[in-house]
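Next up, entry_35.txt (compact mmCIF, C-alpha atoms and all ligand atoms):
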```
# COMPACT_ATOMS: atom_id res chain seq x y z
CA MET A 179 -20.97 -8.98 21.22
CA LYS A 180 -17.69 -7.32 20.31
CA ILE A 181 -16.78 -6.59 16.71
CA LEU A 182 -13.29 -5.63 15.51
CA ILE A 183 -13.32 -3.56 12.32
CA SER A 184 -10.35 -3.16 10.02
CA ASN A 185 -9.72 -2.49 6.33
CA ASP A 186 -6.90 -2.13 3.84
CA ASP A 187 -7.59 1.34 2.43
CA GLY A 188 -6.42 3.07 5.60
CA TYR A 189 -8.10 4.43 8.71
CA ARG A 190 -9.38 7.56 6.96
CA ALA A 191 -11.16 5.67 4.14
CA PRO A 192 -14.87 6.48 3.65
CA GLY A 193 -15.68 2.76 3.41
CA LEU A 194 -14.33 2.16 6.92
CA ALA A 195 -16.23 5.13 8.35
CA ALA A 196 -19.46 3.95 6.71
CA LEU A 197 -19.04 0.39 8.01
CA HIS A 198 -18.29 1.64 11.52
CA GLU A 199 -21.29 3.99 11.40
CA ALA A 200 -23.58 1.16 10.25
CA LEU A 201 -22.48 -1.32 12.92
CA LYS A 202 -21.89 0.85 15.97
CA ASP A 203 -25.56 1.21 16.92
CA LEU A 204 -26.56 -2.43 16.54
CA ALA A 205 -28.25 -3.58 19.73
CA GLY A 206 -25.87 -5.26 22.14
CA VAL A 207 -22.86 -4.66 19.92
CA GLU A 208 -19.60 -2.89 20.73
CA VAL A 209 -17.29 -2.01 17.87
CA GLU A 210 -13.66 -1.04 17.77
CA VAL A 211 -11.48 -0.03 14.82
CA VAL A 212 -7.83 -0.92 14.28
CA ALA A 213 -6.82 -0.10 10.70
CA PRO A 214 -3.69 0.67 8.67
CA GLU A 215 -2.30 4.20 8.63
CA HIS A 216 -1.99 4.20 4.84
CA ASN A 217 -3.48 2.42 1.86
CA ASN A 218 -2.38 -1.22 2.03
CA SER A 219 -4.41 -2.66 -0.79
CA ALA A 220 -3.04 -5.92 -2.26
CA LYS A 221 -1.02 -6.72 0.87
CA SER A 222 -2.86 -10.00 1.40
CA ASN A 223 -1.87 -11.51 4.78
CA ALA A 224 1.56 -9.86 4.94
CA LEU A 225 2.98 -9.32 8.43
CA THR A 226 5.67 -6.77 9.29
CA LEU A 227 8.50 -8.69 10.97
CA HIS A 228 11.51 -6.44 10.50
CA SER A 229 10.35 -3.09 11.82
CA PRO A 230 8.38 -2.06 14.90
CA LEU A 231 4.69 -1.27 14.80
CA TYR A 232 3.18 1.76 16.47
CA VAL A 233 -0.48 2.28 17.32
CA GLN A 234 -1.91 5.79 17.35
CA GLU A 235 -5.38 7.29 17.55
CA GLY A 236 -6.71 9.40 14.72
CA GLY A 237 -8.90 12.46 14.96
CA ASN A 238 -11.85 10.24 14.03
CA GLY A 239 -11.27 8.08 17.12
CA PHE A 240 -10.01 5.11 15.12
CA ARG A 241 -6.76 3.50 16.13
CA TYR A 242 -4.27 3.05 13.32
CA VAL A 243 -1.08 1.08 12.84
CA ASN A 244 1.92 1.80 10.61
CA GLY A 245 1.57 -1.66 9.13
CA THR A 246 -0.51 -3.98 7.00
CA PRO A 247 -4.15 -5.04 7.43
CA ALA A 248 -3.04 -8.40 8.86
CA ASP A 249 -0.68 -6.55 11.24
CA CYS A 250 -3.63 -4.55 12.55
CA VAL A 251 -5.77 -7.59 13.29
CA HIS A 252 -2.80 -9.59 14.57
CA VAL A 253 -1.72 -6.86 17.00
CA ALA A 254 -5.33 -6.28 18.06
CA LEU A 255 -5.93 -9.97 18.79
CA THR A 256 -2.62 -10.74 20.44
CA GLY A 257 -2.50 -7.97 23.01
CA LEU A 258 -3.80 -4.58 21.98
CA LEU A 259 -7.50 -5.15 22.59
CA GLY A 260 -7.17 -7.09 25.82
CA TYR A 261 -10.25 -9.15 24.91
CA ARG A 262 -11.25 -11.57 22.17
CA PRO A 263 -13.73 -10.09 19.70
CA ASP A 264 -16.64 -12.27 18.58
CA LEU A 265 -16.45 -11.14 14.96
CA VAL A 266 -13.89 -9.48 12.70
CA VAL A 267 -15.14 -7.43 9.77
CA SER A 268 -13.04 -5.75 7.11
CA GLY A 269 -13.83 -3.02 4.58
CA ILE A 270 -15.74 -1.70 2.98
CA ASN A 271 -13.10 -1.86 0.28
CA ASN A 272 -12.77 0.68 -2.50
CA GLY A 273 -13.30 -1.76 -5.40
CA ALA A 274 -14.10 -5.39 -6.08
CA ASN A 275 -12.41 -8.35 -4.46
CA MET A 276 -13.73 -11.15 -6.62
CA GLY A 277 -12.22 -14.32 -8.03
CA ASP A 278 -8.41 -14.27 -7.91
CA ASP A 279 -8.46 -10.87 -6.16
CA THR A 280 -9.07 -12.70 -2.91
CA ILE A 281 -5.50 -14.04 -2.96
CA TYR A 282 -4.02 -10.54 -3.11
CA SER A 283 -6.63 -8.58 -1.20
CA GLY A 284 -5.67 -6.83 2.02
CA THR A 285 -9.37 -6.55 2.82
CA VAL A 286 -9.65 -10.33 2.71
CA GLY A 287 -6.27 -10.57 4.49
CA ALA A 288 -7.53 -8.63 7.50
CA ALA A 289 -10.60 -10.83 7.77
CA MET A 290 -8.55 -13.98 7.18
CA GLU A 291 -6.24 -13.02 10.04
CA GLY A 292 -9.25 -13.09 12.35
CA TYR A 293 -10.35 -16.41 10.87
CA LEU A 294 -6.88 -17.89 11.43
CA PHE A 295 -7.32 -17.01 15.10
CA GLY A 296 -10.57 -18.97 15.13
CA ILE A 297 -12.88 -15.97 14.96
CA PRO A 298 -15.72 -15.62 12.41
CA ALA A 299 -14.82 -12.96 9.87
CA ILE A 300 -16.38 -11.12 6.95
CA ALA A 301 -14.65 -9.09 4.21
CA PHE A 302 -16.79 -6.44 2.49
CA SER A 303 -16.02 -4.73 -0.82
CA GLN A 304 -17.87 -2.46 -3.23
CA THR A 305 -17.58 -3.64 -6.81
CA GLU A 306 -16.64 -0.19 -8.23
CA LYS A 307 -14.08 2.26 -6.90
CA GLY A 308 -15.12 5.78 -5.93
CA TRP A 309 -17.47 5.17 -2.95
CA SER A 310 -20.73 5.83 -4.80
CA HIS A 311 -23.66 4.51 -2.69
CA ILE A 312 -21.29 3.64 0.14
CA ASP A 313 -24.08 4.15 2.70
CA ALA A 314 -26.23 1.58 0.87
CA ALA A 315 -23.32 -0.86 0.91
CA ALA A 316 -22.83 -0.27 4.63
CA ARG A 317 -26.54 -0.91 5.23
CA LYS A 318 -26.27 -4.21 3.33
CA ALA A 319 -23.20 -5.10 5.38
CA ARG A 320 -25.17 -4.39 8.55
CA ASP A 321 -28.03 -6.59 7.28
CA LEU A 322 -25.63 -9.50 6.90
CA VAL A 323 -23.90 -8.93 10.24
CA GLN A 324 -27.29 -8.72 11.98
CA HIS A 325 -28.36 -11.90 10.26
CA VAL A 326 -25.32 -13.98 11.22
CA ILE A 327 -25.70 -12.74 14.81
CA ALA A 328 -29.43 -13.57 14.83
CA GLN A 329 -28.68 -17.01 13.38
CA GLN A 330 -26.26 -17.55 16.28
CA LEU A 331 -23.42 -18.19 13.87
CA VAL A 332 -21.15 -15.87 15.82
CA GLY A 333 -19.56 -17.69 18.72
CA GLY A 334 -19.69 -21.06 16.97
CA PRO A 335 -17.07 -22.48 14.61
CA PRO A 336 -15.27 -19.77 12.64
CA PHE A 337 -16.21 -18.94 9.08
CA LEU A 338 -14.76 -16.58 6.51
CA LEU A 339 -17.11 -14.80 4.13
CA ASN A 340 -16.11 -12.68 1.13
CA VAL A 341 -18.84 -10.21 0.21
CA ASN A 342 -19.02 -7.92 -2.83
CA ILE A 343 -21.69 -5.25 -3.05
CA PRO A 344 -22.62 -3.45 -6.30
CA ASN A 345 -22.56 0.35 -6.17
CA ARG A 346 -26.29 0.93 -6.18
CA ALA A 347 -28.95 2.60 -4.06
CA TYR A 348 -30.18 0.34 -1.27
CA GLY A 349 -33.57 -0.21 -2.92
CA GLU A 350 -31.91 -1.24 -6.18
CA LEU A 351 -29.61 -3.82 -4.62
CA GLY A 352 -30.61 -7.41 -5.25
CA ALA A 353 -30.64 -10.22 -2.75
CA PHE A 354 -27.62 -11.91 -1.21
CA GLU A 355 -26.41 -14.71 -3.48
CA VAL A 356 -24.16 -17.40 -2.06
CA CYS A 357 -21.77 -18.23 -4.89
CA ARG A 358 -18.29 -19.45 -5.74
CA LEU A 359 -15.37 -17.28 -6.78
CA GLY A 360 -14.99 -16.65 -10.50
CA ARG A 361 -11.62 -16.31 -12.21
CA ARG A 362 -9.87 -13.40 -13.85
CA HIS A 363 -7.66 -13.30 -16.92
CA ALA A 364 -3.99 -12.75 -16.12
CA ALA A 365 -3.19 -9.16 -15.11
CA GLU A 366 -2.50 -6.48 -17.72
CA LYS A 367 1.12 -5.92 -18.78
CA VAL A 368 3.50 -4.11 -16.48
CA ILE A 369 4.01 -0.43 -17.35
CA ALA A 370 7.68 0.57 -17.72
CA GLN A 371 8.78 4.19 -17.37
CA THR A 372 12.08 6.01 -16.98
CA ASP A 373 12.68 7.83 -13.70
CA PRO A 374 14.44 11.26 -13.49
CA ARG A 375 17.79 9.50 -13.01
CA GLY A 376 17.42 7.38 -16.12
CA GLU A 377 16.55 4.14 -14.34
CA THR A 378 13.71 2.01 -15.62
CA MET A 379 10.86 1.64 -13.16
CA TYR A 380 7.82 -0.60 -13.36
CA TRP A 381 4.19 -0.21 -12.38
CA ILE A 382 2.18 -3.38 -11.81
CA GLY A 383 -0.63 -3.47 -14.39
CA SER A 384 -4.35 -3.58 -13.74
CA ALA A 385 -6.13 -6.77 -12.74
CA GLY A 386 -7.45 -8.77 -15.68
CA ALA A 387 -11.08 -8.81 -16.75
CA ALA A 388 -13.37 -11.65 -15.69
CA LYS A 389 -12.47 -14.90 -17.45
CA ASP A 390 -14.94 -17.13 -15.62
CA GLY A 391 -17.97 -15.03 -14.79
CA ALA A 392 -20.43 -17.86 -15.33
CA ASP A 393 -23.74 -18.20 -13.53
CA GLY A 394 -22.97 -19.11 -9.94
CA THR A 395 -19.88 -16.89 -9.62
CA ASP A 396 -19.33 -13.63 -7.74
CA PHE A 397 -18.77 -11.81 -11.05
CA HIS A 398 -22.13 -12.98 -12.33
CA ALA A 399 -24.08 -12.25 -9.14
CA THR A 400 -22.79 -8.68 -8.82
CA ALA A 401 -23.30 -7.99 -12.53
CA GLN A 402 -26.97 -8.81 -11.88
CA GLY A 403 -27.03 -6.31 -9.01
CA ARG A 404 -27.00 -8.95 -6.32
CA VAL A 405 -24.65 -9.09 -3.33
CA SER A 406 -22.20 -11.96 -3.68
CA VAL A 407 -21.38 -13.99 -0.56
CA THR A 408 -18.60 -16.56 -0.91
CA PRO A 409 -17.53 -18.74 2.00
CA LEU A 410 -13.73 -19.08 1.81
CA GLN A 411 -11.35 -21.69 3.14
CA VAL A 412 -7.63 -21.31 3.76
CA ASP A 413 -6.25 -24.80 3.07
CA LEU A 414 -4.49 -24.45 -0.31
CA THR A 415 -3.85 -28.19 -0.61
CA ASP A 416 -4.76 -29.60 -4.04
CA HIS A 417 -6.57 -32.58 -2.57
CA ASP A 418 -7.41 -34.03 -6.01
CA GLY A 419 -3.71 -33.91 -6.91
CA LEU A 420 -2.39 -35.67 -3.80
CA GLN A 421 -2.51 -39.20 -5.21
CA ALA A 422 -0.89 -38.33 -8.54
CA TRP A 423 1.90 -36.43 -6.80
CA ARG A 424 2.53 -39.29 -4.39
CA GLN A 425 3.16 -41.50 -7.42
CA ILE A 426 5.39 -38.90 -9.08
CA ALA A 427 7.35 -38.36 -5.87
CA GLY A 428 7.68 -42.14 -5.42
CA ARG A 429 9.41 -42.40 -8.82
CA LEU A 430 11.65 -39.44 -7.94
CA ALA A 431 13.21 -40.71 -4.68
CA PRO A 432 14.23 -44.30 -3.95
CA ALA A 433 12.11 -45.90 -1.24
CA GLU A 434 13.54 -45.73 2.25
CA ARG A 435 15.17 -48.97 3.36
CA GLY A 436 14.43 -50.19 6.88
MN MN A 501 -8.26 -1.62 -0.79
```

Could you quickly redo this structure as structure tokens?
Amino acid sequence: MKILISNDDGYRAPGLAALHEALKDLAGVEVEVVAPEHNNSAKSNALTLHSPLYVQEGGNGFRYVNGTPADCVHVALTGLLGYRPDLVVSGINNGANMGDDTIYSGTVGAAMEGYLFGIPAIAFSQTEKGWSHIDAAARKARDLVQHVIAQQLVGGPPFLLNVNIPNRAYGELGAFEVCRLGRRHAAEKVIAQTDPRGETMYWIGSAGAAKDGADGTDFHATAQGRVSVTPLQVDLTDHDGLQAWRQIAGRLAPAERG
């Protein structure tokens, strides 16, 4: 059983070290880390196509890439590793990746890159920034990884799980709750400032607060102290909208003549 570990906070992040530490001694498991050199949060599945990527080894033994989380997993899977891992895990992220965050998240992006290659993948995040109780979160992550291995889900059809863990001591963490994504309000306003040369510069504002945090969502589960587990899919097709759009498109363009 070979597990590839990546993240989006960079190869020196405490969440990555804790996840590696928690998984490396699992029986029959070999782990390897390929992670970004720098913080690449909110890079989603971005790939670097217009500059070369270099892989180096850090003092902590982790290999790092001057690219995005998806670059790391992509490079690892398409040549760097020289073998196909059985599982890709990402994190543990410094902060929540719930609801709409999953679209932007580099933590999810790294896992999704594995999933796109047909490999089961799990993205782990802590709900609050600052790494409090990171060892408890890593232990919970290990519990889930052990469980999916024991259930023989690794090696079968790929799946993509998004997991958010409240920052609590291990004994105070609730059960795993399988739930859907909630929704956030639109992001806060952009922050405009003037740079030393008089040009206006903009900082992207904070993510919005939970808008749909109803029972059955990741926001709700983690607010109750439970660990949210959301199976994700990648197909963005609006299946319910297909028929209506076929009719609209049919009125737009004249029918082809044979
Ligand atoms: Mn991050």

Give me the residues within 12 Å of Pro336 (chain A) as a ChimeraX atom specification, counting all atoms listed in the file and dropping any in the same chain fewer than 2 places off.
-> /A:264-266,289-300,326,330-334,338-339,409-412

One decimal, Å: what's the distance from CA of Trp381 (chain A) over to CA of Val368 (chain A), could you say?
->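 Those two atoms sit 5.7 Å apart.
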
Quick one: pull the distance between CA of Pro247 (chain A) and CA of Ala288 (chain A), Å, one decimal.
->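 Distance between the two atoms: 4.9 Å.
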
For the interface of chain A with ligand MN 501 (chain A) (cut-off 8 Å, counting all atoms listed in the file), please tabulate each contacting residue of chain A alongside its nearest pair of atoms and their separation in Å to one decimal, rows sorted by chain and increasing number, as a Markdown table.
```
| residue | atom | partner | partner_atom | distance |
| --- | --- | --- | --- | --- |
| A:Asn185 | CA | A:MN501 | MN | 7.3 |
| A:Asp186 | CA | A:MN501 | MN | 4.9 |
| A:Asp187 | CA | A:MN501 | MN | 4.4 |
| A:Asn217 | CA | A:MN501 | MN | 6.8 |
| A:Asn218 | CA | A:MN501 | MN | 6.5 |
| A:Ser219 | CA | A:MN501 | MN | 4.0 |
| A:Ala220 | CA | A:MN501 | MN | 6.9 |
| A:Gly269 | CA | A:MN501 | MN | 7.9 |
| A:Asn271 | CA | A:MN501 | MN | 5.0 |
| A:Asn272 | CA | A:MN501 | MN | 5.3 |
| A:Gly273 | CA | A:MN501 | MN | 6.8 |
| A:Ser283 | CA | A:MN501 | MN | 7.2 |
| A:Gly284 | CA | A:MN501 | MN | 6.5 |
| A:Thr285 | CA | A:MN501 | MN | 6.2 |
```

Excluding Thr226 (chain A) and any residue of its chain fewer than 6 positions from it, enumerate the residues within 8 Å of it, using only C-alpha atoms, and give them as a PDB file with C-alpha atoms, in the frame of the given file.
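Produced file selection-v4.pdb, reproduced below:
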```pdb
ATOM      1  CA  GLY A 245       1.570  -1.660   9.130  1.00  0.00           C
ATOM      2  CA  THR A 246      -0.510  -3.980   7.000  1.00  0.00           C
ATOM      3  CA  ASP A 249      -0.680  -6.550  11.240  1.00  0.00           C
TER       4      ASP A 249
END
```

Given the choices A:Phe302, A:Trp309, A:Trp423, A:Tyr261, which gets closest to Arg346 (chain A) if the distance is worked out from only C-alpha atoms?
-> A:Trp309

All file atoms of region 264-270 of chain A boxed axis-aligned, 5 Å per side, centre plus edges, as AutoDock Vina command-line options:
```
--center_x -14.8 --center_y -7.0 --center_z 10.8 --size_x 13.6 --size_y 20.6 --size_z 25.6
```

Find the distance between CA of Phe354 (chain A) and CA of Ile327 (chain A) and write it in Å to one decimal.
->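 Going from CA of Phe354 (chain A) over to CA of Ile327 (chain A) covers 16.2 Å.
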
Nearest candidate to Leu201 (chain A) (options A:Leu255, A:Leu227, A:Leu182, A:Ile426; using only C-alpha atoms) |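 Ranked by minimum distance to Leu201 (chain A), first place goes to A:Leu182.
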
Pick from A:Glu199, A:Asp279, A:Glu306, A:Glu210, whichever lies nearest to Gly360 (chain A) using all atoms listed in the file =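 Among the listed residues, the smallest separation from Gly360 (chain A) belongs to A:Asp279.
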
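Using only C-alpha atoms, the smallest distance between any of A:Ile312, A:Met379, A:Gln324, A:Glu350 and Asp203 (chain A) comes from A:Gln324.
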
Please identify all polymer residues within 9 Å of Ala314 (chain A), counting all atoms listed in the file, omitting same-chain residues fewer than 2 positions from it, and present them as an mmCIF file with C-alpha atoms, in the frame of the given file.
```cif
data_model
loop_
_atom_site.group_PDB
_atom_site.id
_atom_site.type_symbol
_atom_site.label_atom_id
_atom_site.label_comp_id
_atom_site.auth_asym_id
_atom_site.auth_seq_id
_atom_site.Cartn_x
_atom_site.Cartn_y
_atom_site.Cartn_z
ATOM 1 C CA SER A 310 -20.730 5.830 -4.800
ATOM 2 C CA HIS A 311 -23.660 4.510 -2.690
ATOM 3 C CA ILE A 312 -21.290 3.640 0.140
ATOM 4 C CA ALA A 316 -22.830 -0.270 4.630
ATOM 5 C CA ARG A 317 -26.540 -0.910 5.230
ATOM 6 C CA LYS A 318 -26.270 -4.210 3.330
ATOM 7 C CA ALA A 319 -23.200 -5.100 5.380
ATOM 8 C CA ASN A 345 -22.560 0.350 -6.170
ATOM 9 C CA ARG A 346 -26.290 0.930 -6.180
ATOM 10 C CA ALA A 347 -28.950 2.600 -4.060
ATOM 11 C CA TYR A 348 -30.180 0.340 -1.270
ATOM 12 C CA GLY A 349 -33.570 -0.210 -2.920
ATOM 13 C CA LEU A 351 -29.610 -3.820 -4.620
#
```

Compare A:Leu322, A:Lys221, A:Phe240, A:Gly394 by their minimum atom-to-atom distance to Ala200 (chain A), counting only C-alpha atoms, and give me the closest one.
->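 Selected residue with least distance to Ala200 (chain A): A:Leu322.
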
Counting only C-alpha atoms, the residue of A:Arg404, A:Arg429, A:His228, A:His325 that sits nearest Gln304 (chain A) |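 So, comparing all the options, the nearest one is A:Arg404.
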
For the point (-17.7, -4.1, -8.5) in the file's frame, write as an MDAnalysis selection string all residues with an atom no more than 9 Å away, counting only C-alpha atoms.
-> chainID A and resid 273:276 303:307 342:345 397 400:401
